[in-house]
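Asker: mmCIF, C-alpha atoms, saved as model_34.cif, coming up:
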data_protein
#
loop_
_atom_site.label_atom_id
_atom_site.label_comp_id
_atom_site.auth_asym_id
_atom_site.auth_seq_id
_atom_site.Cartn_x
_atom_site.Cartn_y
_atom_site.Cartn_z
CA MET D 53 112.64 65.86 150.43
CA ASN D 54 114.32 62.77 151.95
CA ASN D 55 117.62 61.20 150.81
CA ARG D 56 115.86 58.79 148.49
CA GLY D 57 113.92 61.59 146.84
CA ILE D 58 117.05 63.66 146.28
CA ALA D 59 118.97 60.68 144.86
CA PHE D 60 116.05 59.79 142.59
CA SER D 61 115.70 63.38 141.29
CA VAL D 62 119.43 63.82 140.65
CA GLY D 63 119.54 60.39 138.98
CA LEU D 64 116.56 61.23 136.77
CA LEU D 65 118.11 64.56 135.73
CA LEU D 66 121.46 62.92 134.88
CA ARG D 67 119.71 60.10 133.01
CA VAL D 68 117.70 62.51 130.84
CA ILE D 69 120.73 64.73 130.10
CA VAL D 70 123.04 61.82 129.17
CA ALA D 71 120.31 60.13 127.12
CA ALA D 72 119.53 63.37 125.26
CA VAL D 73 123.21 64.02 124.50
CA PHE D 74 123.77 60.53 123.04
CA VAL D 75 120.49 60.40 121.12
CA CYS D 76 121.18 63.84 119.58
CA ALA D 77 124.83 62.98 118.84
CA GLY D 78 123.79 59.70 117.21
CA LEU D 79 121.03 61.26 115.09
CA VAL D 80 123.25 64.12 113.89
CA LYS D 81 125.89 61.61 112.77
CA ALA D 82 123.34 59.20 111.28
CA ILE D 83 122.12 61.99 108.96
CA ASN D 84 125.51 62.04 107.22
CA PRO D 85 127.29 58.71 107.81
CA ILE D 86 129.86 59.37 105.06
CA ARG D 87 131.06 62.47 106.85
CA PHE D 88 131.31 60.57 110.15
CA THR D 89 133.14 57.73 108.39
CA THR D 90 135.65 60.30 107.10
CA ASP D 91 136.02 61.68 110.63
CA ILE D 92 136.79 58.17 111.95
CA TYR D 93 139.20 57.51 109.07
CA ASN D 94 141.04 60.79 109.76
CA TYR D 95 142.16 59.38 113.14
CA HIS D 96 144.36 56.94 111.14
CA LEU D 97 143.50 54.09 113.50
CA LEU D 98 141.29 52.02 111.19
CA PRO D 99 141.31 51.12 107.50
CA TRP D 100 138.56 52.73 105.42
CA SER D 101 136.40 49.57 105.35
CA LEU D 102 136.28 49.36 109.17
CA ALA D 103 135.79 53.13 109.45
CA THR D 104 132.73 52.69 107.22
CA VAL D 105 131.35 49.98 109.51
CA GLY D 106 131.89 52.33 112.47
CA GLY D 107 130.33 55.21 110.54
CA PHE D 108 127.07 53.31 110.27
CA TYR D 109 127.17 51.31 113.51
CA LEU D 110 128.30 53.83 116.14
CA PRO D 111 125.52 56.42 115.58
CA ALA D 112 122.91 53.63 115.74
CA LEU D 113 124.51 52.31 118.92
CA GLU D 114 124.48 55.77 120.51
CA VAL D 115 120.79 56.30 119.75
CA ILE D 116 119.76 52.80 120.95
CA CYS D 117 121.81 53.07 124.16
CA GLY D 118 120.64 56.63 124.79
CA LEU D 119 117.03 55.47 124.60
CA ALA D 120 117.77 52.31 126.61
CA LEU D 121 119.15 54.48 129.40
CA LEU D 122 115.59 55.69 130.00
CA TYR D 123 114.30 52.11 130.27
CA ARG D 124 115.11 50.61 133.65
CA ARG D 125 115.42 47.05 132.36
CA PHE D 126 118.33 47.98 130.09
CA SER D 127 119.84 51.01 131.82
CA GLU D 128 122.83 49.19 133.35
CA GLY D 129 123.81 47.66 130.02
CA ALA D 130 123.34 51.02 128.30
CA MET D 131 125.58 52.71 130.87
CA ALA D 132 128.28 50.08 130.33
CA VAL D 133 128.21 50.47 126.55
CA LEU D 134 128.11 54.28 126.66
CA LEU D 135 130.96 54.39 129.17
CA GLY D 136 132.93 52.10 126.87
CA LEU D 137 132.25 54.42 123.93
CA VAL D 138 133.36 57.47 125.91
CA VAL D 139 136.61 55.73 126.92
CA VAL D 140 137.26 54.75 123.29
CA PHE D 141 136.59 58.35 122.14
CA ILE D 142 138.96 59.75 124.79
CA LEU D 143 141.74 57.26 123.95
CA ALA D 144 141.35 57.89 120.20
CA SER D 145 141.57 61.67 120.73
CA ILE D 146 144.62 61.44 122.97
CA THR D 147 146.34 59.02 120.57
CA ALA D 148 145.63 61.35 117.65
CA LYS D 149 146.93 64.35 119.57
CA PHE D 150 150.17 62.59 120.50
CA ARG D 151 150.71 61.52 116.89
CA GLY D 152 150.26 65.12 115.76
CA ILE D 153 147.03 64.39 113.91
CA ASP D 154 144.72 67.38 113.92
CA VAL D 155 141.20 66.00 113.53
CA SER D 156 137.64 67.16 113.80
CA CYS D 157 136.24 64.92 116.56
CA GLY D 158 133.01 64.37 114.65
CA CYS D 159 131.16 63.79 117.91
CA PHE D 160 128.24 66.02 116.95
CA GLY D 161 128.64 66.03 113.18
CA GLY D 162 128.92 69.56 111.74
CA ALA D 163 128.16 71.17 115.10
CA SER D 164 131.44 69.88 116.55
CA GLN D 165 133.76 70.84 113.71
CA ASN D 166 135.05 73.86 115.65
CA PHE D 167 135.65 71.91 118.87
CA THR D 168 139.23 72.12 120.06
CA PHE D 169 141.01 69.07 121.46
CA THR D 170 140.49 70.40 125.01
CA THR D 171 136.76 71.02 124.48
CA HIS D 172 136.35 67.56 123.02
CA LEU D 173 138.24 65.95 125.88
CA LEU D 174 136.33 67.90 128.55
CA LEU D 175 133.01 66.97 126.97
CA ASP D 176 133.91 63.27 126.91
CA ILE D 177 135.23 63.32 130.48
CA THR D 178 132.10 65.14 131.70
CA LEU D 179 129.90 62.54 130.00
CA GLY D 180 131.98 59.73 131.52
CA VAL D 181 131.69 61.22 135.00
CA MET D 182 127.94 61.69 134.57
CA ILE D 183 127.51 58.04 133.54
CA LEU D 184 129.59 56.86 136.52
CA ALA D 185 127.58 59.10 138.86
CA LEU D 186 124.35 57.72 137.41
CA GLY D 187 125.57 54.17 138.03
CA ALA D 188 126.48 55.03 141.63
CA ILE D 189 123.07 56.65 142.26
CA ASP D 190 121.25 53.63 140.79
CA ARG D 191 123.20 51.29 143.08
CA ARG D 192 122.42 53.49 146.07
CA LEU D 193 118.73 53.54 145.22
CA ARG D 194 118.66 49.75 144.89
CA ALA D 195 120.45 49.39 148.24
CA MET D 196 117.83 51.68 149.83
CA ASP D 197 115.04 49.58 148.29
CA VAL D 198 116.53 46.36 149.72
CA LYS D 199 116.94 47.99 153.13
CA ASP D 200 113.34 49.21 153.15
CA ARG D 201 111.91 45.73 152.45
CA MET T 286 110.54 38.53 133.26
CA ALA T 287 113.66 38.51 135.43
CA ARG T 288 116.08 41.37 134.97
CA ARG T 289 119.25 40.29 133.18
CA SER T 290 122.70 41.30 134.41
CA TRP T 291 124.44 44.23 132.72
CA PRO T 292 126.68 42.17 130.39
CA TRP T 293 123.57 40.54 128.93
CA GLN T 294 121.85 43.89 128.59
CA ALA T 295 124.95 45.36 126.91
CA LEU T 296 125.15 42.40 124.51
CA ALA T 297 121.48 42.80 123.64
CA LEU T 298 121.95 46.52 122.93
CA LEU T 299 125.12 45.92 120.88
CA SER T 300 123.21 43.35 118.81
CA LEU T 301 120.10 45.51 118.48
CA ALA T 302 122.13 48.40 117.04
CA ILE T 303 123.14 46.21 114.08
CA LEU T 304 119.59 46.42 112.67
CA PRO T 305 119.30 50.22 112.14
CA ALA T 306 122.99 50.36 111.12
CA ALA T 307 122.39 47.70 108.46
CA GLY T 308 119.26 49.51 107.30
CA GLU T 309 121.15 52.76 106.95
CA ALA T 310 124.06 51.05 105.17
CA LEU T 311 121.52 49.62 102.71
CA TYR T 312 120.03 53.07 102.16
CA TRP T 313 123.45 54.65 101.51
CA ARG T 314 124.86 51.71 99.52
CA HIS T 315 125.21 53.70 96.28
CA GLN T 316 126.84 56.73 97.90
CA VAL T 317 129.57 55.07 99.95
CA SER T 318 132.53 52.92 98.96
CA TRP T 319 133.42 50.10 101.38
CA THR T 320 136.89 49.57 99.99
CA GLN T 321 138.50 52.99 99.54
CA PRO T 322 138.04 56.54 100.78
CA PRO T 323 136.60 59.13 98.44
CA ALA T 324 139.15 61.10 96.41
CA MET T 325 140.56 63.88 98.53
CA ASP T 326 141.75 65.99 95.60
CA GLU T 327 145.29 65.95 96.93
CA ILE T 328 147.87 67.76 94.90
CA PRO T 329 151.66 67.21 95.21
CA VAL T 330 153.89 70.22 95.91
CA GLU T 331 155.67 70.14 92.54
CA GLN T 332 152.37 70.07 90.68
CA ALA T 333 151.03 72.89 92.85
CA ARG T 334 154.09 75.03 92.15
CA HIS T 335 153.50 74.74 88.42
CA LEU T 336 149.77 75.33 88.40
CA ARG T 337 148.78 77.90 85.81
CA GLY T 338 146.17 80.56 86.31
CA GLY T 339 145.07 82.18 89.54
CA LEU T 340 145.93 80.35 92.70
CA ILE T 341 145.37 81.15 96.36
CA TRP T 342 146.96 79.30 99.26
CA VAL T 343 144.98 78.63 102.42
CA ASP T 344 146.79 77.85 105.66
CA ALA T 345 144.54 75.66 107.83
CA ARG T 346 146.92 75.56 110.79
CA PRO T 347 146.37 77.37 114.10
CA GLN T 348 147.31 81.08 114.22
CA PRO T 349 150.65 80.65 116.12
CA GLU T 350 151.96 78.17 113.53
CA PHE T 351 150.87 80.48 110.72
CA ASP T 352 152.61 83.41 112.40
CA SER T 353 155.85 81.46 112.71
CA GLY T 354 155.97 80.79 108.98
CA HIS T 355 153.75 80.10 105.99
CA ILE T 356 153.71 79.86 102.20
CA PRO T 357 154.14 83.37 100.77
CA GLY T 358 150.75 84.97 100.14
CA ALA T 359 148.83 82.30 102.05
CA ILE T 360 145.62 83.30 103.81
CA LEU T 361 144.96 81.97 107.29
CA LEU T 362 141.68 80.04 107.44
CA ASN T 363 141.30 77.32 110.05
CA ALA T 364 138.29 75.51 111.47
CA GLU T 365 138.75 77.04 114.94
CA GLN T 366 138.38 80.64 113.69
CA TRP T 367 136.27 79.85 110.62
CA ASP T 368 133.61 82.54 111.07
CA ALA T 369 136.15 85.25 111.87
CA LEU T 370 138.59 84.40 109.06
CA LEU T 371 136.27 83.44 106.20
CA PRO T 372 135.37 87.05 105.21
CA ALA T 373 139.07 87.94 104.79
CA PHE T 374 139.59 84.87 102.64
CA LEU T 375 136.56 85.63 100.47
CA ASN T 376 137.80 89.21 99.99
CA ALA T 377 141.18 87.94 98.83
CA TRP T 378 139.80 85.18 96.58
CA LYS T 379 138.95 86.08 93.00
CA PRO T 380 136.39 84.08 90.95
CA GLY T 381 138.09 81.32 88.98
CA GLU T 382 141.09 81.09 91.29
CA LYS T 383 142.16 77.65 92.41
CA VAL T 384 142.42 77.12 96.15
CA ILE T 385 145.08 74.90 97.75
CA VAL T 386 144.67 74.17 101.44
CA TYR T 387 147.55 72.93 103.53
CA CYS T 388 148.21 71.95 107.10
CA SER T 389 151.26 71.07 109.16
CA LYS T 390 151.62 67.35 108.49
CA GLN T 391 150.70 64.82 105.87
CA SER T 392 148.33 63.21 108.34
CA CYS T 393 146.66 66.49 109.26
CA GLY T 394 142.88 66.31 108.88
CA ALA T 395 142.37 70.06 109.32
CA SER T 396 143.22 70.86 105.70
CA ARG T 397 140.68 68.30 104.47
CA GLU T 398 138.10 69.75 106.83
CA VAL T 399 138.73 73.31 105.61
CA ALA T 400 138.71 72.14 101.97
CA ARG T 401 135.40 70.39 102.53
CA ARG T 402 133.85 73.46 104.15
CA LEU T 403 135.09 75.70 101.34
CA ARG T 404 133.36 73.40 98.87
CA GLU T 405 130.15 72.95 100.85
CA GLU T 406 129.72 76.26 102.67
CA ALA T 407 131.46 78.73 100.36
CA ASN T 408 130.43 76.84 97.19
CA LEU T 409 133.96 76.88 95.74
CA SER T 410 134.77 74.20 93.20
CA ASN T 411 138.54 74.19 92.50
CA VAL T 412 139.67 73.33 96.02
CA PHE T 413 142.69 71.06 96.54
CA VAL T 414 144.63 69.74 99.53
CA LEU T 415 148.43 69.99 99.46
CA LYS T 416 149.93 66.52 99.74
CA GLY T 417 152.43 66.43 102.58
CA GLY T 418 151.33 69.85 103.83
CA TRP T 419 153.66 72.57 105.11
CA GLU T 420 156.50 70.09 105.72
CA ALA T 421 156.47 68.92 102.12
CA TRP T 422 156.50 72.55 100.98
CA GLN T 423 159.53 73.34 103.15
CA GLN T 424 161.40 70.23 101.97
CA SER T 425 160.71 71.03 98.33
CA GLY T 426 162.28 74.46 98.79
CA LYS T 427 165.56 73.09 100.17
#
Here is the file; what I need is its structure written in the form of structure tokens.
Answerer:
Amino acid sequence: MNNRGIAFSVGLLLRVIVAAVFVCAGLVKAINPIRFTTDIYNYHLLPWSLATVGGFYLPALEVICGLALLYRRFSEGAMAVLLGLVVVFILASITAKFRGIDVSCGCFGGASQNFTFTTHLLLDITLGVMILALGAIDRRLRAMDVKDR
Amino acid sequence: MARRSWPWQALALLSLAILPAAGEALYWRHQVSWTQPPAMDEIPVEQARHLRGGLIWVDARPQPEFDSGHIPGAILLNAEQWDALLPAFLNAWKPGEKVIVYCSKQSCGASREVARRLREEANLSNVFVLKGGWEAWQQSGK
């Protein structure tokens, strides 16, 4: 397999994994938005009304962006939004930790209620690195395409 | 159709997500309040001290904090060791007893999480969260 083939295969694998993680995370939270709203509110960063908006909007955004990641026309935008979400999640967790707030991250609904702070942080960082790697592979593939023309 | 740059794509996706979110908000409109959080069944320390009838304290903090000090008679039950600790709690709990869950700080979400799981997974009804948590308990004893 040549360099292009390897880059394409790795990129495809990363794309499918990241998309699956965000679609699953979004669907799990969308099933019980009140619970996710409470999880957001427990960070003590937003008033209840804004936490409610986030409780409905963020799961939908995760599902839409997860699916868009698989569609070439929107994959760059999806990567940007998902990376932004991951950064926000990491900052919110660190802020909560430093303020002594012990919260369930809520990232995967009930499945994540036993996640420790470290597990949560590692998961978010891994996702962030995977998205960045995917962006780099996409750019490399496009550069190869231009060179081949 | 020409491919748009990533900011345009991101804007389109951010806008598109409003539709399912609005649909879901419409579906849940009778179950969720937009102005105030649901009642957390918080109970102040003084009220908790004078509760009549059976009462069991649940410490939702991590094991090391529990080991360094806890409310006399409290049972350790936190989200991190839920499966391992729940049987001991259920053995200690008697039907009809009220349960008060506490954590280390007033802002601690762990006690609310444990209280919620006791209601939903263990089907207990009289579950309360101690307002102010362990710190409020210590201050009230001074």
Asker: To one decimal in Å, tell me the separation between CA of Ala310 (chain T) and CA of Ile146 (chain D).
Answerer: 29.1 Å
Asker: Given the file shown, enumerate the residues that the PyMOL selection byres ((chain D) within 9 of (chain T)) captures and present them as a PyMOL selection string.
Answerer: chain D and resi 82+85-86+90-91+93-96+99-105+107-117+120+125-133+152-156+165-168
Asker: Let me know the residues the PyMOL selection byres ((chain T and resi 413) around 10) catches in the file above, as a ChimeraX atom specification.
Answerer: /T:325-329,333,342-343,383-387,396-397,400-401,404,410-412,414-416
Asker: In Å, with one decimal, what is the gap from CA of Leu375 (chain T) to CA of Gly354 (chain T)?
Answerer: 21.7 Å
Asker: Rounded to one decimal place, report the CA of Glu350 (chain T)-CA of Arg151 (chain D) distance in Å.
Answerer: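 It comes out at 17.0 Å.
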Asker: Just so the selection is clear, what residues does the PyMOL selection byres ((chain D and resi 178) around 12) cover here, as a PDB file with C-alpha atoms, in the coordinates of the input?
Answerer:
ATOM      1  CA  LEU D  66     121.460  62.920 134.880  1.00  0.00           C
ATOM      2  CA  ILE D  69     120.730  64.730 130.100  1.00  0.00           C
ATOM      3  CA  VAL D  70     123.040  61.820 129.170  1.00  0.00           C
ATOM      4  CA  VAL D  73     123.210  64.020 124.500  1.00  0.00           C
ATOM      5  CA  LEU D 135     130.960  54.390 129.170  1.00  0.00           C
ATOM      6  CA  VAL D 138     133.360  57.470 125.910  1.00  0.00           C
ATOM      7  CA  VAL D 139     136.610  55.730 126.920  1.00  0.00           C
ATOM      8  CA  ILE D 142     138.960  59.750 124.790  1.00  0.00           C
ATOM      9  CA  THR D 170     140.490  70.400 125.010  1.00  0.00           C
ATOM     10  CA  THR D 171     136.760  71.020 124.480  1.00  0.00           C
ATOM     11  CA  HIS D 172     136.350  67.560 123.020  1.00  0.00           C
ATOM     12  CA  LEU D 173     138.240  65.950 125.880  1.00  0.00           C
ATOM     13  CA  LEU D 174     136.330  67.900 128.550  1.00  0.00           C
ATOM     14  CA  LEU D 175     133.010  66.970 126.970  1.00  0.00           C
ATOM     15  CA  ASP D 176     133.910  63.270 126.910  1.00  0.00           C
ATOM     16  CA  ILE D 177     135.230  63.320 130.480  1.00  0.00           C
ATOM     17  CA  LEU D 179     129.900  62.540 130.000  1.00  0.00           C
ATOM     18  CA  GLY D 180     131.980  59.730 131.520  1.00  0.00           C
ATOM     19  CA  VAL D 181     131.690  61.220 135.000  1.00  0.00           C
ATOM     20  CA  MET D 182     127.940  61.690 134.570  1.00  0.00           C
ATOM     21  CA  ILE D 183     127.510  58.040 133.540  1.00  0.00           C
ATOM     22  CA  LEU D 184     129.590  56.860 136.520  1.00  0.00           C
ATOM     23  CA  ALA D 185     127.580  59.100 138.860  1.00  0.00           C
TER      24      ALA D 185
END
Asker: Tell me, as an mmCIF file with C-alpha atoms, in the frame of the given file, which residues lie within 10 Å of Arg56 (chain D), counting all atoms listed in the file; anything in the same chain fewer than 6 positions away does not count.
Answerer:
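The result, stored in selection_30.cif:
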data_model
loop_
_atom_site.group_PDB
_atom_site.id
_atom_site.type_symbol
_atom_site.label_atom_id
_atom_site.label_comp_id
_atom_site.auth_asym_id
_atom_site.auth_seq_id
_atom_site.Cartn_x
_atom_site.Cartn_y
_atom_site.Cartn_z
ATOM 1 C CA VAL D 62 119.430 63.820 140.650
ATOM 2 C CA ILE D 189 123.070 56.650 142.260
ATOM 3 C CA ARG D 192 122.420 53.490 146.070
ATOM 4 C CA LEU D 193 118.730 53.540 145.220
ATOM 5 C CA MET D 196 117.830 51.680 149.830
ATOM 6 C CA ASP D 197 115.040 49.580 148.290
#
Asker: Report as a PyMOL selection string all protein, DNA and RNA residues lying within 6 Å of Leu362 (chain T), evaluated on all atoms listed in the file, omitting residues in the same chain fewer than 6 positions from it.
Answerer: chain T and resi 344-345+370
Asker: Give, as JSON, the centre coordinates and the x, y and z edge lengths in Å to one decimal for an axis-aligned box around all listed atoms of region 399-414 of chain T, padded by 4 Å on each side.
Answerer:
{"center_x": 137.2, "center_y": 74.2, "center_z": 99.1, "size_x": 22.9, "size_y": 17.0, "size_z": 21.1}
